[in-house]
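Here is the structure we will look at, set down as structure tokens.
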Amino acid sequence: MPGLLQRLRGRKGDDTTAKPQSENELYATRLARRQAFTGLVARILPFIRFALYVVGYAWMILIPFQDLSRRTWVDENALQPAQVTTYWSWDDVHAADNYLAEIEGLYARNATNIEKAGYIEEQFISLGLNAGVQPYKLTSSVGTSAQSTLGANAYGVYPVPRASGAEAIVISASWVSRTDEGAGTPNMRGVATVLALARYLTRYSLWAKDLIFVVNDGHVDGMHAWLNAYHGIEQSNLQTKPLKHVSGVIWTALCIDYPGHSFSHLGIFYEGLNGRLPNQDLMNSVVRIAGSNGVPTILYDNIESSASYAVPSWLGDLPVFGKWTKHWLFKNYLFRASNVKRHVQYEGLNRGSGVHGLFHKFRIDAITLFGVPAMGPHGFLSLGQVIESSLRTMNNLLERLHASFFFYILTSVTTFVNFGGYLASAILVSVSMIFGGLRLWVVAGWRRAMMVRVIPDENDKKETEPRSKWPTAIPVTVWRKRDRPVIQVLAIMLVTHVIGYLVFLLITAPFFFRKTPALSGLSTRLAFLPLLALHPFTRQYLTAIPAPSYHPKKSAPQAPLHLILKAFNLYISSIVISITSVLNFSLAAALAVLLGVPLTLTGPTARPLRYLLVLAVSPMGLLAIASHVVGEQEVVRVLTRTVWEWQVLGAWFLPFACVVYLPLTLQGLLVCMMPRE
């Protein structure tokens, strides 16, 4: 055993031959090892950070790659999708056609919202449902000339005879389709489908959950008013009355969007407000049910054979890369990347992709079934069979959906990337940023200085005798400690966040969109207030804040202000990306792409490139770039919709952009404008 221990320790001979080290020698050895390790880390840290950036961004690019995806499956055994015989027939299709003819008559005579809701209520009452009409009024600082939205929802509750009414399923359709993001296309066939389903489903007594049929006004505003009233939530800018008829806890919901004469594919929309997603079992069940009925399903309205995924001509003409553009793997990657891009747009903007997105904040799993308009071959018959089988599947649930994933990215309707497959990409970028902040913190606290160490001649023993030679002078590098102006930097950061909050109040103020009807030069007006913080007088005032001294007797030099501000800026940015990646990965990935490299390259320099880079990724720069690319009116439309979604629906993107993202970019701009030393 002693010989084995010696070999493991790498020693030769007996322990008696080794000289024991004193305690001081052990401490000196440990200190030398620590200094050597610290020096090694300091030398390779830039390469580590560069590698983290490269791997993180490359991982994001590879997320749509086929080999990183997994096939979907149904986790909940109680669902049993596509295991029932459906009875939806041509008689029910004829009923849907009759409802459609009456609805077209309402549109032909320009019926009001109240008249349309009254018609739906009459149909529900004639079918024996507990029906009602819910008028509502939503107000905001943007929208129509009166800054208010008036509407009326119609709903009907079918209390099933074989259950206690503790749980319910919602089948809904909005009067306005989600085509062109709710631009105004009527959803007449979707409403007719709901009425036909109410007529058909209430004839059977097999239901274990109450059925609630809702036809909401507008696109998302009507369903928002109905859900708030159903759950008893009061909102200051929403005026409505309590619902006359309610049921139990809603577990699942299907939203029907059928704007065309017929459809070729059934699109699945699933994103909710503020990055919420439904349980994946709901979508997987509907996809399998549609496949068993011969209905092809796709994500959103992206058809794989569409010409929109064609490679640009200049890219295909490249001598080497052009061959790869014709390969099926590359085309498959483009198709999956288009799905991921669409998902990032919805989730990153904290915006739901349809009416179903409003259900998620109440812990209700919901999706939208969108009939992609085409000349065929599917219509009321196929849609009714898919919905009936899906409702029968939901009816089997004994508890809420919980077995499958809640965090995922669908690359196609049958493949997905799970939580662990994409999270690390944003985390690697945030780790690189926090490494940079820690390095700057160390650099700011210490300063290298040169000293001359004098070694006297050993032969000069007597001072009275003349020296045989001059003493030896050796240059020595020493590190001197510097004070870090933390309080001063925290004051500057606080001012930037106050500026961001003022911008948020300005944008949401009622007069902001009312003063200029044409809304011309909007991006210039938005950029005016944040740029005041970068005025030389403002910057000089902020940097002149005295730093408190905790050692009045010591006169230690002070570290440059820009080092501490940049370090804290990287700290906060890294923390925001790391936390957001768990809640809303699309938003975290966008932050990592926009802030990672620009904030790392910030620094006081005479070259304007760094300043322009940070300015380009700031809200002011993004607005200016978007105004030149898509036009001022499109920017105004997106901004007004963002404000409306915050004030009415409670989407978090606007306050996040103003109070979190804008201050981080302002701090980076201040770093670029500060003196070097």
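We name chains A, B, ... following the order of the structure tokens; residues begin at 1 in each chain, and ligands are numbered from 1 as shown.
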Near-Cys255 of chain A list (8 Å; only C-alpha atoms; drop same-chain fewer than 2 positions) as a PyMOL selection string:
chain A and resi 171-173+253+257+355-356+366-369
Expected file contents, prior selection, C-alpha atoms, as a PDB file, in the first residue's frame:
ATOM      1  CA  ILE A 171     -64.578  26.231 -29.238  1.00  0.00           C
ATOM      2  CA  SER A 172     -64.260  29.747 -30.627  1.00  0.00           C
ATOM      3  CA  ALA A 173     -64.026  31.805 -33.802  1.00  0.00           C
ATOM      4  CA  ALA A 253     -59.499  25.609 -26.314  1.00  0.00           C
ATOM      5  CA  ASP A 257     -59.905  30.426 -38.515  1.00  0.00           C
ATOM      6  CA  VAL A 355     -56.691  34.556 -30.626  1.00  0.00           C
ATOM      7  CA  HIS A 356     -55.513  31.402 -28.844  1.00  0.00           C
ATOM      8  CA  ALA A 366     -55.066  26.556 -26.794  1.00  0.00           C
ATOM      9  CA  ILE A 367     -54.123  26.627 -30.477  1.00  0.00           C
ATOM     10  CA  THR A 368     -55.566  28.081 -33.661  1.00  0.00           C
ATOM     11  CA  LEU A 369     -56.524  25.875 -36.620  1.00  0.00           C
TER      12      LEU A 369
END
Spatial neighbours of segment 401-415 of chain A, 8 Å, only C-alpha atoms, chain gap at least 6 places, as a ChimeraX atom specification:
/A:64,69-72,74-76,268,277-282,284,287,297-299,336-337,339-340,343,365
How about saving the chosen residues, N, CA, C and O atoms kept, as a compact mmCIF listing (two decimals), in the first residue's frame?
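What follows is the written file selection.txt:
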# COMPACT_ATOMS: atom_id res chain seq x y z
N PRO A 64 -32.23 25.38 -36.66
CA PRO A 64 -33.15 24.75 -37.63
C PRO A 64 -32.61 23.49 -38.28
O PRO A 64 -33.36 22.85 -39.04
N SER A 69 -33.10 18.30 -34.38
CA SER A 69 -34.52 18.18 -34.05
C SER A 69 -34.88 16.76 -33.68
O SER A 69 -34.18 15.80 -34.03
N ARG A 70 -35.98 16.63 -32.97
CA ARG A 70 -36.51 15.32 -32.58
C ARG A 70 -37.93 15.19 -33.10
O ARG A 70 -38.63 16.18 -33.29
N ARG A 71 -38.34 13.97 -33.30
CA ARG A 71 -39.72 13.72 -33.72
C ARG A 71 -40.66 13.95 -32.54
O ARG A 71 -40.34 13.66 -31.38
N THR A 72 -41.82 14.48 -32.83
CA THR A 72 -42.81 14.71 -31.78
C THR A 72 -43.54 13.41 -31.43
O THR A 72 -43.60 12.47 -32.24
N VAL A 74 -46.84 11.84 -28.46
CA VAL A 74 -47.88 12.16 -27.48
C VAL A 74 -47.50 11.50 -26.16
O VAL A 74 -47.38 10.28 -26.07
N ASP A 75 -47.32 12.30 -25.13
CA ASP A 75 -46.89 11.79 -23.82
C ASP A 75 -48.07 11.31 -22.98
O ASP A 75 -47.97 10.31 -22.28
N GLU A 76 -49.16 12.05 -23.01
CA GLU A 76 -50.31 11.74 -22.15
C GLU A 76 -51.06 10.53 -22.70
O GLU A 76 -51.64 10.58 -23.77
N ILE A 268 -51.11 25.34 -38.03
CA ILE A 268 -51.14 25.32 -36.57
C ILE A 268 -50.43 26.57 -36.07
O ILE A 268 -49.24 26.78 -36.35
N LEU A 277 -46.27 29.22 -24.11
CA LEU A 277 -46.56 28.20 -25.11
C LEU A 277 -47.49 27.15 -24.52
O LEU A 277 -47.44 26.88 -23.31
N PRO A 278 -48.34 26.54 -25.35
CA PRO A 278 -49.21 25.47 -24.83
C PRO A 278 -48.44 24.18 -24.67
O PRO A 278 -47.34 24.01 -25.20
N ASN A 279 -49.03 23.26 -23.93
CA ASN A 279 -48.43 21.94 -23.81
C ASN A 279 -48.37 21.28 -25.18
O ASN A 279 -49.34 21.31 -25.94
N GLN A 280 -47.23 20.67 -25.49
CA GLN A 280 -47.03 20.15 -26.84
C GLN A 280 -47.96 18.99 -27.17
O GLN A 280 -48.21 18.71 -28.35
N ASP A 281 -48.50 18.31 -26.17
CA ASP A 281 -49.41 17.19 -26.43
C ASP A 281 -50.64 17.63 -27.20
O ASP A 281 -51.20 16.85 -27.99
N LEU A 282 -51.11 18.85 -26.97
CA LEU A 282 -52.31 19.33 -27.68
C LEU A 282 -52.05 19.40 -29.18
O LEU A 282 -52.85 18.90 -29.99
N ASN A 284 -49.58 17.94 -30.90
CA ASN A 284 -49.24 16.62 -31.44
C ASN A 284 -50.48 15.77 -31.67
O ASN A 284 -50.57 15.02 -32.65
N VAL A 287 -52.32 17.13 -34.81
CA VAL A 287 -51.58 16.78 -36.03
C VAL A 287 -51.83 15.32 -36.40
O VAL A 287 -52.06 14.99 -37.58
N THR A 297 -51.04 18.94 -42.40
CA THR A 297 -50.86 20.03 -41.45
C THR A 297 -49.49 20.66 -41.65
O THR A 297 -48.52 20.00 -42.02
N ILE A 298 -49.42 21.96 -41.38
CA ILE A 298 -48.17 22.71 -41.49
C ILE A 298 -48.10 23.67 -40.32
O ILE A 298 -49.09 23.88 -39.59
N LEU A 299 -46.92 24.22 -40.12
CA LEU A 299 -46.77 25.29 -39.14
C LEU A 299 -47.13 26.62 -39.78
O LEU A 299 -46.65 26.93 -40.88
N ARG A 336 -37.10 24.96 -42.56
CA ARG A 336 -37.15 24.94 -41.10
C ARG A 336 -36.75 26.29 -40.51
O ARG A 336 -37.31 26.73 -39.50
N ALA A 337 -35.78 26.95 -41.14
CA ALA A 337 -35.37 28.27 -40.67
C ALA A 337 -36.50 29.28 -40.79
O ALA A 337 -36.64 30.18 -39.94
N ASN A 339 -39.66 28.61 -40.41
CA ASN A 339 -40.54 28.36 -39.27
C ASN A 339 -39.98 28.92 -37.98
O ASN A 339 -40.70 29.50 -37.17
N VAL A 340 -38.67 28.73 -37.79
CA VAL A 340 -38.03 29.26 -36.58
C VAL A 340 -38.07 30.78 -36.59
O VAL A 340 -38.30 31.41 -35.54
N HIS A 343 -41.45 31.89 -35.53
CA HIS A 343 -41.61 31.70 -34.09
C HIS A 343 -40.89 32.78 -33.30
O HIS A 343 -41.42 33.31 -32.32
N ASP A 365 -54.48 25.58 -22.30
CA ASP A 365 -53.78 25.16 -23.51
C ASP A 365 -54.70 25.38 -24.71
O ASP A 365 -55.80 24.81 -24.77
Counting only C-alpha atoms, the option among A:Ile289, A:Phe568, A:Ser425, A:Gly379 closest to Ala444 of chain A:
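Of A:Ile289, A:Phe568, A:Ser425, A:Gly379, the one nearest Ala444 of chain A, counting only C-alpha atoms, is A:Phe568.
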Can you tell me, as a count of residues only, what residues are no more than 12 Å from Asp210 of chain A when counting only C-alpha atoms, ignoring any on the same chain fewer than 3 positions away?
36
Calculated over only C-alpha atoms, which of the candidates A:Ile114, A:Arg610, A:Asp67, A:Met188 has the smallest distance to Ala101 of chain A?
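Closest residue, counting only C-alpha atoms: A:Met188.
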Option closest in space to Val660 of chain A, from A:Leu506, A:Leu150, A:Ile499, A:Val593 [counting only C-alpha atoms]:
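Checking each of A:Leu506, A:Leu150, A:Ile499, A:Val593 against Val660 of chain A, counting only C-alpha atoms, the winner is A:Ile499.
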Going by DSSP on the backbone, which bits of segment 202-393 of chain A are helix (DSSP H, G or I)? Write them as an MDAnalysis selection string, please.
chainID A and resid 221:230 273:275 280:292 307:309 313:316 321:325 328:348 355:358 360:362 380:393
Gap from atom CA of Leu583 of chain A to atom CA of Gly267 of chain A - Å, one decimal
25.4 Å
Interatomic distance (Å, one decimal) between atom CA of Asn77 of chain A and atom CA of Ile387 of chain A
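Answer for the atom CA of Asn77 of chain A to atom CA of Ile387 of chain A separation: 19.7 Å.
Of the residues under consideration (A:Lys566, A:Ser581, A:Lys209, A:Leu639), A:Ser581 shows the shortest atom-to-atom contact distance to Gly420 of chain A when counting only C-alpha atoms.
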Residue among A:Val215, A:Ala225, A:Leu670, A:Ala58 lying closest to Val495 of chain A, counting only C-alpha atoms
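Under the stated criterion, the closest residue is A:Leu670.
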